[in-house]
Amino acid sequence: MAESDSCNTPSGRIVVIGYGNMGRALVRGLRRSGAANIIVCERFPVDENETETRTRFFHPANAALLAKEPRLGRSDTIILCTKPQNLSDTAKIWRPHLMPKGSVEKPLVVSILAGTPTDLIHQLFADDAPVVRAMPNIAATVDCAATALCASESTDASFALRAKGIFDCVGKSWIVPEDLLDVVTGLSGSGPAYIYMVIEALSDGGVKMGMPRQLALDLAAQTVLGAATLVQETKAHPAVLRDQVTTPGGTTITAIHELEKHGLRPMLISAVVTATKRSARLASIVRKTMLDKAKEPAS
């Protein structure tokens, strides 16, 4: 696995297809990193407040205007930020203008579509262009995402590093084998929901013992943030850090005994396992749905 704490923005054009929460987060991160040429392709009108000198917006009604742009090449990147079920429509609307037939040097295609393997991206959108699949999580909206990336078998490793530079603009990223993407979904993709429940439960405990709700939430959230930062900064095993705050006969060991008695660790492990299995199941459903939709005649 590879990891970097720095954002290395590609020098070419970046085309973001889909402007939901993740699309917006990526565009904001790329803008801050100094990306000079960003194009957004979006189905719906964009608020004028979203416009910015380094970003141009295209909608299906003016998609043909993309043909006047210089043809995308090897140094350019397309990021698919649509919903998985919309990929076939996305391909029908945008691919003819972004990836015309006969292009020799194809742009990199990066997909954040859940449950959509790289071979399906090749088949439905990218053809023989390089493809990288990414699994960021919701924390990209606050520049603190955990993102795993994998390249397709035919894609050179340099393209994975380019994609990594993009996602490092909104957090931290790792390059992994594609067969780990379902596990990534179960751990870091769904993981924020588990931690929200932990924060909520900790704050409820504070409220039960007489603490004002907002103070309890603030203390719980900062405690989780601080604990996570210590793991990242020290690289120490969590068990080592736990022992540093667990004194003999003290409050912490008493609380830990209670957590162990009620199975906190087995429950969290089971959550990751269950979510991983569900992700694999959903991926097979997504594949069938996409292929069936791709066979439908264009409306």
# chains A, B, ... in the order shown; residues from 1 in each chain; ligands from 1
>>> residues_around(residues="range 178-193 of chain A", least_positions_apart="4", cutoff="8 Å", atoms="only C-alpha atoms", output="NGL selection string")
:A and (115 or 117 or 135-138 or 146-152 or 197 or 271-277 or 279-280)
>>> select_by_dssp(residues="range 30-185 of chain A", states="alpha helix (DSSP H)", output="ChimeraX atom specification")
/A:30-33,87-98,118-121,157-167,181-184
>>> write_last_selection(atoms="N, CA and C atoms", output="mmCIF file, in the first residue's frame")
data_model
loop_
_atom_site.group_PDB
_atom_site.id
_atom_site.type_symbol
_atom_site.label_atom_id
_atom_site.label_comp_id
_atom_site.auth_asym_id
_atom_site.auth_seq_id
_atom_site.Cartn_x
_atom_site.Cartn_y
_atom_site.Cartn_z
ATOM 1 N N LEU A 30 -9.530 20.499 -5.342
ATOM 2 C CA LEU A 30 -8.683 20.755 -6.507
ATOM 3 C C LEU A 30 -8.452 22.246 -6.702
ATOM 4 N N ARG A 31 -9.496 23.037 -6.486
ATOM 5 C CA ARG A 31 -9.327 24.490 -6.589
ATOM 6 C C ARG A 31 -8.283 24.984 -5.598
ATOM 7 N N ARG A 32 -8.411 24.531 -4.339
ATOM 8 C CA ARG A 32 -7.470 24.984 -3.314
ATOM 9 C C ARG A 32 -6.045 24.562 -3.632
ATOM 10 N N SER A 33 -5.917 23.414 -4.292
ATOM 11 C CA SER A 33 -4.572 22.919 -4.599
ATOM 12 C C SER A 33 -3.968 23.621 -5.816
ATOM 13 N N LEU A 87 -24.757 5.302 -14.606
ATOM 14 C CA LEU A 87 -23.567 5.230 -15.452
ATOM 15 C C LEU A 87 -23.915 5.082 -16.929
ATOM 16 N N SER A 88 -24.903 4.246 -17.261
ATOM 17 C CA SER A 88 -25.255 4.051 -18.666
ATOM 18 C C SER A 88 -25.720 5.353 -19.304
ATOM 19 N N ASP A 89 -26.583 6.098 -18.600
ATOM 20 C CA ASP A 89 -27.035 7.391 -19.121
ATOM 21 C C ASP A 89 -25.876 8.375 -19.217
ATOM 22 N N THR A 90 -24.997 8.333 -18.227
ATOM 23 C CA THR A 90 -23.822 9.206 -18.239
ATOM 24 C C THR A 90 -22.974 8.948 -19.478
ATOM 25 N N ALA A 91 -22.773 7.670 -19.779
ATOM 26 C CA ALA A 91 -21.979 7.310 -20.951
ATOM 27 C C ALA A 91 -22.632 7.800 -22.237
ATOM 28 N N LYS A 92 -23.965 7.645 -22.333
ATOM 29 C CA LYS A 92 -24.663 8.050 -23.544
ATOM 30 C C LYS A 92 -24.605 9.555 -23.754
ATOM 31 N N ILE A 93 -24.653 10.327 -22.660
ATOM 32 C CA ILE A 93 -24.667 11.786 -22.768
ATOM 33 C C ILE A 93 -23.274 12.359 -22.998
ATOM 34 N N TRP A 94 -22.305 11.912 -22.208
ATOM 35 C CA TRP A 94 -21.016 12.602 -22.158
ATOM 36 C C TRP A 94 -19.892 11.927 -22.920
ATOM 37 N N ARG A 95 -19.891 10.596 -23.010
ATOM 38 C CA ARG A 95 -18.767 9.913 -23.647
ATOM 39 C C ARG A 95 -18.527 10.343 -25.084
ATOM 40 N N PRO A 96 -19.565 10.545 -25.918
ATOM 41 C CA PRO A 96 -19.286 10.945 -27.306
ATOM 42 C C PRO A 96 -18.525 12.264 -27.421
ATOM 43 N N HIS A 97 -18.691 13.156 -26.431
ATOM 44 C CA HIS A 97 -18.036 14.461 -26.484
ATOM 45 C C HIS A 97 -16.673 14.465 -25.795
ATOM 46 N N LEU A 98 -16.500 13.570 -24.822
ATOM 47 C CA LEU A 98 -15.257 13.538 -24.056
ATOM 48 C C LEU A 98 -14.270 12.496 -24.574
ATOM 49 N N THR A 118 -13.540 -2.191 -12.040
ATOM 50 C CA THR A 118 -12.853 -1.497 -13.130
ATOM 51 C C THR A 118 -13.198 -2.087 -14.498
ATOM 52 N N ASP A 119 -13.403 -3.409 -14.574
ATOM 53 C CA ASP A 119 -13.708 -3.985 -15.885
ATOM 54 C C ASP A 119 -15.040 -3.484 -16.424
ATOM 55 N N LEU A 120 -15.977 -3.174 -15.517
ATOM 56 C CA LEU A 120 -17.271 -2.640 -15.938
ATOM 57 C C LEU A 120 -17.129 -1.186 -16.396
ATOM 58 N N ILE A 121 -16.247 -0.430 -15.754
ATOM 59 C CA ILE A 121 -15.983 0.943 -16.191
ATOM 60 C C ILE A 121 -15.373 0.936 -17.590
ATOM 61 N N ALA A 157 0.779 1.894 -13.477
ATOM 62 C CA ALA A 157 0.784 2.362 -12.088
ATOM 63 C C ALA A 157 0.880 3.882 -11.990
ATOM 64 N N SER A 158 1.444 4.537 -12.993
ATOM 65 C CA SER A 158 1.573 5.992 -12.945
ATOM 66 C C SER A 158 0.212 6.679 -12.890
ATOM 67 N N PHE A 159 -0.796 6.058 -13.512
ATOM 68 C CA PHE A 159 -2.132 6.648 -13.494
ATOM 69 C C PHE A 159 -2.750 6.528 -12.101
ATOM 70 N N ALA A 160 -2.464 5.438 -11.404
ATOM 71 C CA ALA A 160 -2.949 5.301 -10.031
ATOM 72 C C ALA A 160 -2.345 6.383 -9.142
ATOM 73 N N LEU A 161 -1.085 6.697 -9.370
ATOM 74 C CA LEU A 161 -0.435 7.750 -8.590
ATOM 75 C C LEU A 161 -1.044 9.113 -8.908
ATOM 76 N N ARG A 162 -1.429 9.326 -10.168
ATOM 77 C CA ARG A 162 -2.091 10.587 -10.517
ATOM 78 C C ARG A 162 -3.421 10.709 -9.773
ATOM 79 N N ALA A 163 -4.200 9.623 -9.771
ATOM 80 C CA ALA A 163 -5.480 9.637 -9.065
ATOM 81 C C ALA A 163 -5.275 9.843 -7.573
ATOM 82 N N LYS A 164 -4.240 9.248 -7.053
ATOM 83 C CA LYS A 164 -3.922 9.397 -5.636
ATOM 84 C C LYS A 164 -3.664 10.856 -5.292
ATOM 85 N N GLY A 165 -2.948 11.544 -6.181
ATOM 86 C CA GLY A 165 -2.684 12.964 -5.950
ATOM 87 C C GLY A 165 -3.960 13.780 -5.852
ATOM 88 N N ILE A 166 -4.967 13.400 -6.632
ATOM 89 C CA ILE A 166 -6.252 14.102 -6.588
ATOM 90 C C ILE A 166 -6.940 13.879 -5.248
ATOM 91 N N PHE A 167 -6.997 12.626 -4.805
ATOM 92 C CA PHE A 167 -7.733 12.333 -3.569
ATOM 93 C C PHE A 167 -6.959 12.739 -2.322
ATOM 94 N N LEU A 181 -11.476 -3.878 -2.241
ATOM 95 C CA LEU A 181 -12.396 -2.736 -2.264
ATOM 96 C C LEU A 181 -13.691 -3.000 -1.481
ATOM 97 N N ASP A 182 -14.176 -4.241 -1.470
ATOM 98 C CA ASP A 182 -15.368 -4.529 -0.665
ATOM 99 C C ASP A 182 -15.064 -4.385 0.822
ATOM 100 N N VAL A 183 -13.867 -4.806 1.227
ATOM 101 C CA VAL A 183 -13.469 -4.650 2.631
ATOM 102 C C VAL A 183 -13.314 -3.170 2.965
ATOM 103 N N VAL A 184 -12.748 -2.411 2.040
ATOM 104 C CA VAL A 184 -12.624 -0.961 2.234
ATOM 105 C C VAL A 184 -14.005 -0.350 2.449
#
>>> closest_residue(among="A:Ala126, A:Cys169, A:Ala67, A:Ala139", to="Thr9 in chain A", atoms="only C-alpha atoms")
A:Cys169
